[in-house]
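S.K.: Contents of coords_24.txt (compact mmCIF, C-alpha atoms and all ligand atoms) are below:
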# COMPACT_ATOMS: atom_id res chain seq x y z
CA MET D 158 0.00 0.00 0.00
CA SER D 159 1.47 3.36 -0.94
CA ALA D 160 0.35 6.60 0.57
CA GLU D 161 1.50 10.15 0.48
CA PHE D 162 1.85 10.18 4.25
CA PRO D 163 2.84 7.36 6.58
CA VAL D 164 -0.20 5.23 7.42
CA ALA D 165 -0.87 5.03 11.14
CA ARG D 166 -0.14 1.47 12.18
CA PRO D 167 -1.31 0.65 15.71
CA ARG D 168 -0.71 -2.98 14.81
CA ARG D 169 3.07 -2.42 15.17
CA LEU D 170 2.73 -2.64 18.94
CA ARG D 171 0.78 -5.91 18.75
CA ARG D 172 3.26 -7.88 16.71
CA SER D 173 4.67 -10.18 19.36
CA PRO D 174 3.66 -11.53 22.73
CA ALA D 175 6.58 -9.68 24.31
CA LEU D 176 5.53 -6.38 22.78
CA ARG D 177 1.92 -6.87 23.83
CA ARG D 178 3.04 -7.76 27.31
CA MET D 179 5.29 -4.72 27.57
CA VAL D 180 2.63 -2.24 26.52
CA ALA D 181 -0.26 -3.81 28.40
CA GLY D 182 -2.27 -1.17 30.20
CA THR D 183 -3.93 -3.51 32.65
CA ARG D 184 -1.99 -5.93 34.81
CA LEU D 185 -3.42 -8.35 37.30
CA HIS D 186 -1.43 -9.18 40.39
CA PRO D 187 -2.17 -12.00 42.84
CA ALA D 188 -2.31 -9.50 45.69
CA ASP D 189 -5.29 -7.79 43.97
CA LEU D 190 -7.38 -10.91 44.38
CA ILE D 191 -9.62 -11.88 47.29
CA LEU D 192 -11.00 -15.40 47.61
CA PRO D 193 -14.51 -15.87 49.04
CA MET D 194 -14.76 -19.11 51.04
CA PHE D 195 -17.61 -21.02 52.68
CA VAL D 196 -17.27 -22.99 55.88
CA LYS D 197 -20.08 -25.17 57.17
CA GLU D 198 -20.61 -26.38 60.68
CA GLY D 199 -20.92 -30.08 61.38
CA ILE D 200 -19.76 -31.68 58.13
CA ASP D 201 -16.98 -34.27 57.86
CA GLU D 202 -16.18 -33.84 54.20
CA PRO D 203 -16.12 -30.77 51.97
CA SER D 204 -19.47 -30.52 50.25
CA PRO D 205 -19.47 -29.50 46.55
CA VAL D 206 -21.76 -26.64 45.54
CA ALA D 207 -23.65 -28.04 42.55
CA SER D 208 -24.21 -24.70 40.86
CA MET D 209 -20.56 -23.66 41.31
CA PRO D 210 -18.34 -26.49 40.02
CA GLY D 211 -14.98 -26.30 41.81
CA VAL D 212 -16.37 -24.46 44.85
CA VAL D 213 -17.12 -26.32 48.08
CA GLN D 214 -18.59 -25.71 51.48
CA HIS D 215 -15.51 -26.37 53.57
CA THR D 216 -14.99 -28.27 56.76
CA ARG D 217 -12.80 -26.44 59.26
CA ASP D 218 -9.85 -28.59 58.13
CA SER D 219 -10.37 -28.21 54.42
CA LEU D 220 -10.84 -24.47 54.92
CA ARG D 221 -7.44 -24.20 56.60
CA LYS D 222 -5.82 -26.21 53.83
CA ALA D 223 -7.40 -24.07 51.10
CA ALA D 224 -6.43 -20.90 52.98
CA HIS D 225 -2.80 -22.08 52.98
CA GLU D 226 -2.99 -22.77 49.26
CA ALA D 227 -4.35 -19.30 48.58
CA ALA D 228 -1.63 -17.71 50.70
CA GLU D 229 1.07 -19.73 48.96
CA ALA D 230 -0.26 -18.61 45.59
CA GLY D 231 0.07 -15.00 46.76
CA VAL D 232 -3.65 -14.20 46.88
CA GLY D 233 -4.17 -10.89 48.69
CA GLY D 234 -7.07 -11.80 50.94
CA LEU D 235 -9.78 -14.24 51.98
CA ILE D 236 -13.36 -13.42 52.84
CA LEU D 237 -15.15 -16.03 54.92
CA PHE D 238 -18.83 -16.93 54.99
CA GLY D 239 -20.15 -19.27 57.68
CA ILE D 240 -23.07 -21.68 57.50
CA PRO D 241 -24.25 -22.65 60.99
CA ALA D 242 -25.90 -25.93 61.92
CA VAL D 243 -28.75 -24.09 63.62
CA LYS D 244 -30.43 -20.94 62.35
CA ASP D 245 -32.98 -18.73 64.07
CA ALA D 246 -34.91 -15.54 63.46
CA ARG D 247 -32.22 -13.24 64.87
CA GLY D 248 -29.23 -15.06 63.43
CA SER D 249 -27.75 -15.87 66.83
CA ALA D 250 -24.84 -17.83 65.37
CA GLY D 251 -23.63 -14.64 63.70
CA ASP D 252 -22.20 -13.13 66.87
CA ASP D 253 -21.80 -16.24 69.00
CA PRO D 254 -18.07 -16.46 69.90
CA ASP D 255 -18.37 -20.21 69.27
CA GLY D 256 -20.34 -19.75 66.04
CA ILE D 257 -18.84 -21.43 62.99
CA LEU D 258 -17.64 -18.22 61.40
CA GLN D 259 -15.88 -17.04 64.53
CA VAL D 260 -14.25 -20.44 65.06
CA ALA D 261 -13.06 -20.46 61.45
CA LEU D 262 -11.77 -16.89 61.67
CA ARG D 263 -9.75 -17.76 64.75
CA GLU D 264 -8.23 -20.84 63.14
CA VAL D 265 -7.50 -19.31 59.76
CA SER D 266 -6.09 -16.06 61.06
CA ALA D 267 -3.87 -17.90 63.54
CA GLU D 268 -2.46 -20.01 60.72
CA VAL D 269 -2.16 -17.70 57.73
CA GLY D 270 -3.07 -14.27 59.05
CA ASP D 271 0.44 -12.94 58.56
CA ALA D 272 0.57 -13.99 54.92
CA ILE D 273 -2.91 -13.08 53.72
CA VAL D 274 -5.63 -10.68 54.87
CA VAL D 275 -8.42 -12.57 56.61
CA MET D 276 -11.81 -10.90 56.31
CA ALA D 277 -15.40 -11.67 57.18
CA ASP D 278 -18.64 -10.91 55.39
CA THR D 279 -20.75 -9.08 57.96
CA CYS D 280 -24.38 -9.94 57.39
CA LEU D 281 -27.23 -11.99 58.79
CA ASP D 282 -28.62 -13.99 55.89
CA GLU D 283 -26.43 -17.05 56.43
CA PHE D 284 -27.56 -17.16 60.06
CA THR D 285 -31.29 -16.46 59.91
CA ASP D 286 -33.87 -19.21 59.44
CA HIS D 287 -35.87 -16.95 57.10
CA GLY D 288 -32.80 -16.18 54.96
CA HIS D 289 -33.15 -12.41 55.15
CA CYS D 290 -30.26 -10.06 55.85
CA GLY D 291 -31.84 -8.61 58.96
CA ILE D 292 -34.41 -8.67 61.72
CA LEU D 293 -37.96 -8.88 60.42
CA THR D 294 -40.95 -6.86 61.50
CA GLU D 295 -44.28 -8.63 62.01
CA SER D 296 -45.25 -7.83 58.45
CA GLY D 297 -42.08 -9.45 57.16
CA ASP D 298 -40.06 -6.34 56.24
CA VAL D 299 -36.43 -6.03 57.24
CA ASP D 300 -36.27 -3.54 60.13
CA ASN D 301 -33.33 -1.28 59.39
CA ASP D 302 -32.43 -0.09 62.86
CA LEU D 303 -32.95 -3.34 64.75
CA THR D 304 -30.74 -4.94 62.14
CA LEU D 305 -28.03 -2.34 62.71
CA GLU D 306 -27.70 -3.44 66.33
CA ARG D 307 -27.15 -6.99 65.19
CA TYR D 308 -24.55 -5.96 62.58
CA ALA D 309 -22.60 -3.99 65.19
CA SER D 310 -22.49 -7.00 67.48
CA ILE D 311 -21.54 -9.36 64.64
CA ALA D 312 -18.72 -7.09 63.46
CA VAL D 313 -17.29 -6.92 66.98
CA ALA D 314 -17.50 -10.71 67.33
CA GLN D 315 -15.71 -11.10 64.01
CA ALA D 316 -12.95 -8.66 64.95
CA ARG D 317 -12.55 -10.38 68.29
CA ALA D 318 -12.18 -13.71 66.48
CA GLY D 319 -9.33 -12.32 64.39
CA SER D 320 -10.99 -10.89 61.32
CA GLN D 321 -8.59 -8.26 60.03
CA VAL D 322 -11.26 -6.51 57.94
CA VAL D 323 -15.05 -6.55 58.24
CA ALA D 324 -17.23 -6.26 55.16
CA PRO D 325 -20.85 -5.30 55.82
CA SER D 326 -22.95 -6.56 52.90
CA GLY D 327 -26.55 -6.08 54.01
CA MET D 328 -27.21 -2.60 52.52
CA MET D 329 -28.92 -1.26 55.65
CA ASP D 330 -28.84 2.52 55.93
CA GLY D 331 -26.24 3.61 58.47
CA GLN D 332 -24.53 0.23 58.75
CA VAL D 333 -20.99 1.51 58.29
CA GLY D 334 -21.31 4.21 60.94
CA VAL D 335 -22.82 1.89 63.52
CA ILE D 336 -20.18 -0.76 62.92
CA ARG D 337 -17.37 1.82 63.07
CA ALA D 338 -18.63 3.13 66.40
CA ALA D 339 -19.00 -0.36 67.85
CA LEU D 340 -15.53 -1.47 66.72
CA ASP D 341 -13.96 1.68 68.15
CA ALA D 342 -15.80 1.28 71.45
CA GLU D 343 -14.58 -2.30 71.81
CA GLY D 344 -10.93 -1.55 71.10
CA PHE D 345 -10.89 -2.42 67.41
CA SER D 346 -10.26 1.01 65.97
CA GLY D 347 -7.55 -0.55 63.81
CA VAL D 348 -9.92 -2.87 61.97
CA PRO D 349 -10.85 -1.45 58.55
CA ILE D 350 -14.33 -1.61 57.03
CA LEU D 351 -14.69 -2.73 53.44
CA ALA D 352 -18.19 -1.50 52.63
CA TYR D 353 -20.36 -3.17 50.06
CA SER D 354 -21.48 0.30 48.96
CA ALA D 355 -23.25 -0.39 45.69
CA LYS D 356 -24.79 -3.81 45.96
CA TYR D 357 -27.51 -4.52 43.46
CA ALA D 358 -30.54 -6.77 43.88
CA SER D 359 -29.06 -9.15 41.34
CA ALA D 360 -30.07 -12.41 39.73
CA PHE D 361 -26.36 -13.20 39.57
CA TYR D 362 -26.37 -14.17 43.27
CA GLY D 363 -28.41 -17.31 42.56
CA PRO D 364 -25.67 -19.92 43.05
CA PHE D 365 -24.36 -18.19 46.19
CA ARG D 366 -27.66 -18.82 47.88
CA ASP D 367 -27.01 -22.56 47.43
CA ALA D 368 -23.44 -22.20 48.64
CA ALA D 369 -24.38 -20.20 51.73
CA GLU D 370 -27.82 -21.79 52.14
CA CYS D 371 -29.39 -18.38 52.49
CA ALA D 372 -32.14 -18.09 49.90
CA PRO D 373 -34.92 -15.94 51.37
CA GLN D 374 -37.85 -18.15 52.40
CA PHE D 375 -40.24 -15.50 51.07
CA GLY D 376 -39.88 -12.15 49.32
CA ASP D 377 -36.59 -10.79 48.06
CA ARG D 378 -33.94 -8.19 48.86
CA SER D 379 -35.15 -5.43 46.59
CA THR D 380 -36.18 -3.07 49.41
CA HIS D 381 -32.56 -2.78 50.56
CA GLN D 382 -30.30 -3.79 47.69
CA GLN D 383 -30.14 -1.35 44.79
CA ASP D 384 -32.34 -1.63 41.73
CA PRO D 385 -30.21 -2.62 38.71
CA ALA D 386 -32.02 0.10 36.76
CA GLY D 387 -31.49 2.72 39.47
CA PRO D 388 -29.60 5.87 38.51
CA LEU D 389 -25.83 5.99 38.77
CA GLU D 390 -26.23 8.90 41.19
CA GLU D 391 -27.86 6.49 43.66
CA ALA D 392 -24.67 4.43 43.75
CA LEU D 393 -22.61 7.57 44.18
CA ARG D 394 -24.84 8.70 47.04
CA GLU D 395 -24.39 5.33 48.75
CA VAL D 396 -20.62 5.46 48.42
CA ARG D 397 -20.41 9.03 49.71
CA LEU D 398 -22.50 8.11 52.73
CA ASP D 399 -20.32 5.07 53.43
CA LEU D 400 -17.18 7.19 53.28
CA ALA D 401 -18.72 9.80 55.55
CA GLU D 402 -19.57 7.02 58.02
CA GLY D 403 -15.97 5.80 57.99
CA ALA D 404 -15.57 3.19 55.26
CA ASP D 405 -11.92 2.45 54.52
CA ALA D 406 -12.53 0.72 51.19
CA VAL D 407 -15.64 0.34 49.07
CA MET D 408 -17.14 -2.32 46.87
CA VAL D 409 -19.31 -2.71 43.81
CA LYS D 410 -21.24 -5.93 43.35
CA PRO D 411 -21.74 -7.74 40.99
CA ALA D 412 -18.80 -6.84 38.75
CA LEU D 413 -19.13 -7.51 35.04
CA ALA D 414 -22.63 -6.11 34.65
CA TYR D 415 -21.68 -2.97 36.61
CA LEU D 416 -18.37 -1.88 35.09
CA ASP D 417 -19.73 1.66 34.73
CA VAL D 418 -20.34 1.83 38.48
CA ILE D 419 -16.81 0.59 39.16
CA ARG D 420 -15.43 3.33 36.91
CA ALA D 421 -17.63 5.95 38.54
CA PHE D 422 -16.42 4.89 42.00
CA ARG D 423 -12.77 4.93 40.93
CA ASP D 424 -13.20 8.48 39.63
CA GLU D 425 -15.16 9.60 42.70
CA VAL D 426 -13.37 8.24 45.77
CA ASP D 427 -9.85 8.23 47.17
CA VAL D 428 -9.94 4.82 48.87
CA PRO D 429 -9.45 1.35 47.35
CA VAL D 430 -12.31 0.16 45.15
CA ALA D 431 -13.16 -3.54 45.19
CA ALA D 432 -15.45 -5.41 42.81
CA TYR D 433 -17.11 -8.74 43.53
CA GLN D 434 -17.22 -11.18 40.64
CA VAL D 435 -20.20 -13.05 42.04
CA SER D 436 -21.41 -16.62 41.98
CA GLY D 437 -23.54 -16.24 38.86
CA GLU D 438 -20.64 -14.75 36.92
CA TYR D 439 -18.57 -17.75 37.95
CA ALA D 440 -21.28 -20.29 37.19
CA MET D 441 -21.97 -18.95 33.72
CA VAL D 442 -18.36 -19.31 32.66
CA GLU D 443 -17.97 -22.75 34.22
CA ALA D 444 -21.18 -24.01 32.63
CA ALA D 445 -20.33 -22.72 29.17
CA ALA D 446 -16.78 -24.06 29.44
CA ALA D 447 -18.02 -27.48 30.59
CA ASN D 448 -20.07 -27.60 27.40
CA GLY D 449 -17.05 -26.69 25.31
CA TRP D 450 -18.71 -23.45 24.24
CA ILE D 451 -15.98 -21.07 25.40
CA ASP D 452 -12.29 -21.23 26.31
CA ARG D 453 -12.44 -21.33 30.10
CA GLU D 454 -9.01 -19.85 30.96
CA ARG D 455 -9.18 -17.07 28.41
CA THR D 456 -12.69 -16.10 29.47
CA ILE D 457 -11.68 -15.95 33.12
CA MET D 458 -8.66 -13.78 32.41
CA GLU D 459 -10.58 -11.50 30.07
CA SER D 460 -13.33 -10.93 32.61
CA LEU D 461 -10.82 -10.10 35.34
CA VAL D 462 -8.88 -7.73 33.08
CA ALA D 463 -12.14 -5.97 32.20
CA ILE D 464 -13.00 -5.49 35.87
CA LYS D 465 -9.52 -4.17 36.60
CA ARG D 466 -9.55 -1.85 33.59
CA ALA D 467 -12.89 -0.44 34.70
CA GLY D 468 -11.13 0.73 37.85
CA ALA D 469 -11.21 -2.02 40.45
CA ASP D 470 -8.13 -2.13 42.65
CA LEU D 471 -9.27 -5.38 44.26
CA ILE D 472 -11.34 -8.21 42.84
CA LEU D 473 -13.22 -10.80 44.85
CA THR D 474 -13.30 -13.94 42.74
CA TYR D 475 -13.86 -17.63 43.32
CA TRP D 476 -10.99 -18.23 40.87
CA ALA D 477 -8.48 -16.29 43.00
CA THR D 478 -6.11 -19.15 43.83
CA GLU D 479 -6.14 -20.64 40.35
CA VAL D 480 -5.57 -17.27 38.70
CA ALA D 481 -2.88 -16.22 41.19
CA ARG D 482 -0.94 -19.36 40.31
CA ARG D 483 -1.22 -18.60 36.63
CA LEU D 484 -0.04 -14.98 36.90
C1 LIG E 1 -24.97 -11.39 51.70
C2 LIG E 1 -24.16 -11.72 50.51
C3 LIG E 1 -24.61 -12.26 49.29
C4 LIG E 1 -23.47 -12.39 48.47
C5 LIG E 1 -22.39 -11.97 49.21
N1 LIG E 1 -22.83 -11.53 50.46
C6 LIG E 1 -25.95 -12.73 48.89
C7 LIG E 1 -27.06 -11.83 48.72
O1 LIG E 1 -26.97 -10.61 48.86
O2 LIG E 1 -28.13 -12.34 48.43
C8 LIG E 1 -23.45 -12.91 47.06
C9 LIG E 1 -22.13 -13.35 46.54
C10 LIG E 1 -22.17 -14.13 45.28
O3 LIG E 1 -23.22 -14.26 44.61
O4 LIG E 1 -21.12 -14.67 44.92
N2 LIG E 1 -24.40 -11.95 52.87
As a first step, turn the structure in this file into structure tokens.
Ligand code: PBG

M.R.:
Amino acid sequence: MSAEFPVARPRRLRRSPALRRMVAGTRLHPADLILPMFVKEGIDEPSPVASMPGVVQHTRDSLRKAAHEAAEAGVGGLILFGIPAVKDARGSAGDDPDGILQVALREVSAEVGDAIVVMADTCLDEFTDHGHCGILTESGDVDNDLTLERYASIAVAQARAGSQVVAPSGMMDGQVGVIRAALDAEGFSGVPILAYSAKYASAFYGPFRDAAECAPQFGDRSTHQQDPAGPLEEALREVRLDLAEGADAVMVKPALAYLDVIRAFRDEVDVPVAAYQVSGEYAMVEAAAANGWIDRERTIMESLVAIKRAGADLILTYWATEVARRL
């Protein structure tokens, strides 16, 4: 091809793997990744989660082993979810010092807490018999302020058990402020809060509700989680409130369907932004790959790069250990 002026050739920088690697604008690092893990009380063997191939409900032993593996792979953090043997209306296991999550936090942080950040999801849905994220009124609504008292107590129990970060995920108004005050009052002013600031009422959580056995027995979470069609300003309002209440890092959830919210957060705030690649995002890729319809590894990496490029500093992903090893 001849031209009177040099033709622009962006392809020059794509000619070899080494060139592409050198000019890459988005790099994943194992320390960016956070592994969500489930631990179930009273089981002898890890129990596979049918809708999340490769993910299990751990025993205390298998949890410790998997936590070591994540730490060895260089994964930045773990976030633990507990499934108690007994559930009740107020989620008593959530702040019981001998509750499964507290026991697991103690064991895991004692073993790997120097090598990897051990965190807890701070919510009630795994612990309530009705599966809702809070205390219910007689008419079956989640009572915001009664729930806040429970969250404060749960966060303190988690910190006491060795959780190095608490991550309130219930989307109650005022939850970050109440938890901050309770942690400070109990001597845990050094424990950061990773706030699930923009958490949408998403169909992508479906498989998680099997994994954590927390599907609501009636109704849904759309009076507290954000409407997927809600305005972007609503997410920005939530994140500003969380920061004003003392959040140390903020989260968007789910990830791939909300890349615009991740970008908006990154441009808006001056704290780390995390994104949660949720159970449904995981299950879709695993299911398609199992059918031979997509290239599993490439799809995983591409989705993570997209989330990072959108502005996430940290990514919660069920693939954390596998991906960290590959990086
Ligand atoms: C609430 C919580 C949920 C998830 C994380 N924390 C479930 C929900 O809001 O219904 C979902 C995570 C996932 O889907 O991977 N404790």

S.K.: I want to know what sits within 7 Å of range 178-194 of chain D, based on only C-alpha atoms, with residues of the same chain fewer than 4 positions away left out; could you give that as a list in words?

M.R.: Pro174, Gly231, Val232, Gly233, Gly234, Leu235, Ile236, Leu237, Phe238, Val462, Lys465, Arg466, Asp470, Leu471, Ile472, Leu473, Thr474, Tyr475, Ala477, Ala481 and Leu484 of chain D

S.K.: Using all atoms listed in the file, find each protein or nucleic acid residue lying at most 7 Å from ligand LIG 1 (chain E); present the set as a PyMOL selection string.

M.R.: chain D and resi 278-283+290+326-327+361-366+434-437

S.K.: Could you write out that same residue set with C-alpha atoms as a PDB file, in the frame of the given file?

M.R.:
ATOM      1  CA  ASP D 278     -18.640 -10.910  55.390  1.00  0.00           C
ATOM      2  CA  THR D 279     -20.750  -9.080  57.960  1.00  0.00           C
ATOM      3  CA  CYS D 280     -24.380  -9.940  57.390  1.00  0.00           C
ATOM      4  CA  LEU D 281     -27.230 -11.990  58.790  1.00  0.00           C
ATOM      5  CA  ASP D 282     -28.620 -13.990  55.890  1.00  0.00           C
ATOM      6  CA  GLU D 283     -26.430 -17.050  56.430  1.00  0.00           C
ATOM      7  CA  CYS D 290     -30.260 -10.060  55.850  1.00  0.00           C
ATOM      8  CA  SER D 326     -22.950  -6.560  52.900  1.00  0.00           C
ATOM      9  CA  GLY D 327     -26.550  -6.080  54.010  1.00  0.00           C
ATOM     10  CA  PHE D 361     -26.360 -13.200  39.570  1.00  0.00           C
ATOM     11  CA  TYR D 362     -26.370 -14.170  43.270  1.00  0.00           C
ATOM     12  CA  GLY D 363     -28.410 -17.310  42.560  1.00  0.00           C
ATOM     13  CA  PRO D 364     -25.670 -19.920  43.050  1.00  0.00           C
ATOM     14  CA  PHE D 365     -24.360 -18.190  46.190  1.00  0.00           C
ATOM     15  CA  ARG D 366     -27.660 -18.820  47.880  1.00  0.00           C
ATOM     16  CA  GLN D 434     -17.220 -11.180  40.640  1.00  0.00           C
ATOM     17  CA  VAL D 435     -20.200 -13.050  42.040  1.00  0.00           C
ATOM     18  CA  SER D 436     -21.410 -16.620  41.980  1.00  0.00           C
ATOM     19  CA  GLY D 437     -23.540 -16.240  38.860  1.00  0.00           C
TER      20      GLY D 437
END

S.K.: Identify which of the residues D:Ser208, D:Arg263, D:Ala230, D:Gln383 lies closest to Arg483 in chain D, counting only C-alpha atoms when measuring atom-to-atom distances.

M.R.: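 Of all the options, D:Ala230 lies closest to Arg483 in chain D.
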
S.K.: Report, in Å with one decimal, the straight-line distance from CA of His225 in chain D to CA of Ala261 in chain D.

M.R.: 13.4 Å

S.K.: In file coordinates, which residues lie within 10 Å of (-17.6, -20.8, 64.5) using all atoms listed in the file, given as a list in words?

M.R.: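 Selection result: Val196, Lys197, Glu198, Arg217, Gly239, Ile240, Pro241, Ala250, Gly251, Asp252, Asp253, Pro254, Asp255, Gly256, Ile257, Leu258, Gln259, Val260, Ala261, Leu262, Arg263, Glu264, Gln315 and Ala318 of chain D.
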
S.K.: Kindly provide, as a count of residues only, the polymer residues lying within 9 Å of (-20.4, -27.1, 50.6), counting all atoms listed in the file and using the coordinates exactly as they appear in the file.

M.R.: 18

S.K.: Using all atoms listed in the file, pick whichever of D:Ala165, D:Val333, D:Ala447, D:Val348 has the shortest atom-to-atom distance to Val396 in chain D.

M.R.: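 Between D:Ala165, D:Val333, D:Ala447, D:Val348, the residue approaching Val396 in chain D most closely is D:Val333.
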
S.K.: So that each row is one residue of range 343-371 of chain D with an atom at most 12 Å from range 414-419 of chain D, can you give its shortest atom pair and the distance in Å to one decimal, using all atoms listed in the file, rows by chain and rising number, as CSV?

M.R.:
residue,atom,partner,partner_atom,distance
D:Ser354,CA,D:Val418,CA,10.7
D:Ala355,CA,D:Val418,CA,8.1
D:Lys356,CA,D:Tyr415,CA,9.9
D:Tyr357,CA,D:Tyr415,CA,9.1
D:Ser359,CA,D:Ala414,CA,9.8
D:Ala360,CA,D:Ala414,CA,11.0
D:Phe361,CA,D:Ala414,CA,9.4

S.K.: Which value, in Å to one decimal, gives the distance between CA of Pro325 in chain D and CA of Ile350 in chain D?

M.R.: 7.6 Å

S.K.: Calculate how many Å separate CA of Ala312 in chain D from CA of Ser296 in chain D, rounding to one decimal.

M.R.: 27.0 Å

S.K.: Go through D:Val265, D:Val299, D:Leu461, D:Ile292 one by one, measure the shortest atom-to-atom distance of each to Gly319 in chain D using all atoms listed in the file, and give the residue with the smallest value.

M.R.: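 Among D:Val265, D:Val299, D:Leu461, D:Ile292, it is D:Val265 that comes nearest to Gly319 in chain D.
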
S.K.: Between D:Ala421, D:Val480, D:Arg317, D:Val430, which residue has the minimum interatomic distance to Gly344 in chain D, considering only C-alpha atoms?

M.R.: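 Once distances to Gly344 in chain D are computed over only C-alpha atoms, the minimum belongs to D:Arg317.
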
S.K.: Leaving out Gln332 in chain D and any residue of its chain fewer than 3 positions from it, which residues lie within 12 Å of it when counting only C-alpha atoms, given as a CSV table (one decimal) with C-alpha atoms, in the frame of the given file?

M.R.:
chain,number,residue,atom,x,y,z
D,279,THR,CA,-20.8,-9.1,58.0
D,280,CYS,CA,-24.4,-9.9,57.4
D,291,GLY,CA,-31.8,-8.6,59.0
D,301,ASN,CA,-33.3,-1.3,59.4
D,302,ASP,CA,-32.4,-0.1,62.9
D,303,LEU,CA,-33.0,-3.3,64.8
D,304,THR,CA,-30.7,-4.9,62.1
D,305,LEU,CA,-28.0,-2.3,62.7
D,306,GLU,CA,-27.7,-3.4,66.3
D,307,ARG,CA,-27.2,-7.0,65.2
D,308,TYR,CA,-24.6,-6.0,62.6
D,309,ALA,CA,-22.6,-4.0,65.2
D,310,SER,CA,-22.5,-7.0,67.5
D,311,ILE,CA,-21.5,-9.4,64.6
D,312,ALA,CA,-18.7,-7.1,63.5
D,323,VAL,CA,-15.0,-6.6,58.2
D,324,ALA,CA,-17.2,-6.3,55.2
D,325,PRO,CA,-20.8,-5.3,55.8
D,326,SER,CA,-23.0,-6.6,52.9
D,327,GLY,CA,-26.6,-6.1,54.0
D,328,MET,CA,-27.2,-2.6,52.5
D,329,MET,CA,-28.9,-1.3,55.6
D,335,VAL,CA,-22.8,1.9,63.5
D,336,ILE,CA,-20.2,-0.8,62.9
D,337,ARG,CA,-17.4,1.8,63.1
D,338,ALA,CA,-18.6,3.1,66.4
D,339,ALA,CA,-19.0,-0.4,67.8
D,350,ILE,CA,-14.3,-1.6,57.0
D,351,LEU,CA,-14.7,-2.7,53.4
D,352,ALA,CA,-18.2,-1.5,52.6
D,353,TYR,CA,-20.4,-3.2,50.1
D,354,SER,CA,-21.5,0.3,49.0
D,381,HIS,CA,-32.6,-2.8,50.6
D,395,GLU,CA,-24.4,5.3,48.8
D,398,LEU,CA,-22.5,8.1,52.7
D,399,ASP,CA,-20.3,5.1,53.4
D,400,LEU,CA,-17.2,7.2,53.3
D,401,ALA,CA,-18.7,9.8,55.6
D,402,GLU,CA,-19.6,7.0,58.0
D,403,GLY,CA,-16.0,5.8,58.0
D,404,ALA,CA,-15.6,3.2,55.3

S.K.: Please put the answer as JSON: centre and edge lengths, in Å with one decimal, of a box along x, y and z that encloses all listed atoms of range 466-471 of chain D plus 4 Å on each side.

M.R.:
{"center_x": -10.5, "center_y": -2.3, "center_z": 38.9, "size_x": 12.8, "size_y": 14.1, "size_z": 18.7}

S.K.: Looking at all atoms listed in the file, which of D:Ala469, D:Gly270, D:Arg453, D:Arg172 is the one that sits closest to Ala440 in chain D?

M.R.: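 Residue with the minimum atom-to-atom distance to Ala440 in chain D: D:Arg453.
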
S.K.: Starting from the sparse input, extend range 170-181 of chain D to N, CA and C atoms and give the output as a short mmCIF file (atom, residue, chain, number, x, y, z; two decimals), in the coordinates of the input.

M.R.:
data_model
loop_
_atom_site.label_atom_id
_atom_site.label_comp_id
_atom_site.auth_asym_id
_atom_site.auth_seq_id
_atom_site.Cartn_x
_atom_site.Cartn_y
_atom_site.Cartn_z
N LEU D 170 2.50 -2.33 17.51
CA LEU D 170 2.73 -2.64 18.94
C LEU D 170 2.07 -3.95 19.36
N ARG D 171 1.44 -4.64 18.41
CA ARG D 171 0.78 -5.91 18.75
C ARG D 171 1.49 -7.09 18.12
N ARG D 172 2.68 -6.86 17.58
CA ARG D 172 3.26 -7.88 16.71
C ARG D 172 3.74 -9.12 17.42
N SER D 173 4.14 -9.00 18.68
CA SER D 173 4.67 -10.18 19.36
C SER D 173 4.11 -10.24 20.78
N PRO D 174 4.11 -11.43 21.33
CA PRO D 174 3.66 -11.53 22.73
C PRO D 174 4.46 -10.63 23.66
N ALA D 175 5.76 -10.51 23.42
CA ALA D 175 6.58 -9.68 24.31
C ALA D 175 6.20 -8.21 24.19
N LEU D 176 5.95 -7.77 22.97
CA LEU D 176 5.53 -6.38 22.78
C LEU D 176 4.18 -6.14 23.46
N ARG D 177 3.26 -7.06 23.23
CA ARG D 177 1.92 -6.87 23.83
C ARG D 177 2.02 -6.86 25.35
N ARG D 178 2.87 -7.71 25.85
CA ARG D 178 3.04 -7.76 27.31
C ARG D 178 3.63 -6.44 27.83
N MET D 179 4.61 -5.94 27.11
CA MET D 179 5.29 -4.72 27.57
C MET D 179 4.35 -3.52 27.59
N VAL D 180 3.48 -3.43 26.60
CA VAL D 180 2.63 -2.24 26.52
C VAL D 180 1.26 -2.42 27.18
N ALA D 181 1.05 -3.56 27.80
CA ALA D 181 -0.26 -3.81 28.40
C ALA D 181 -0.61 -2.69 29.38
#
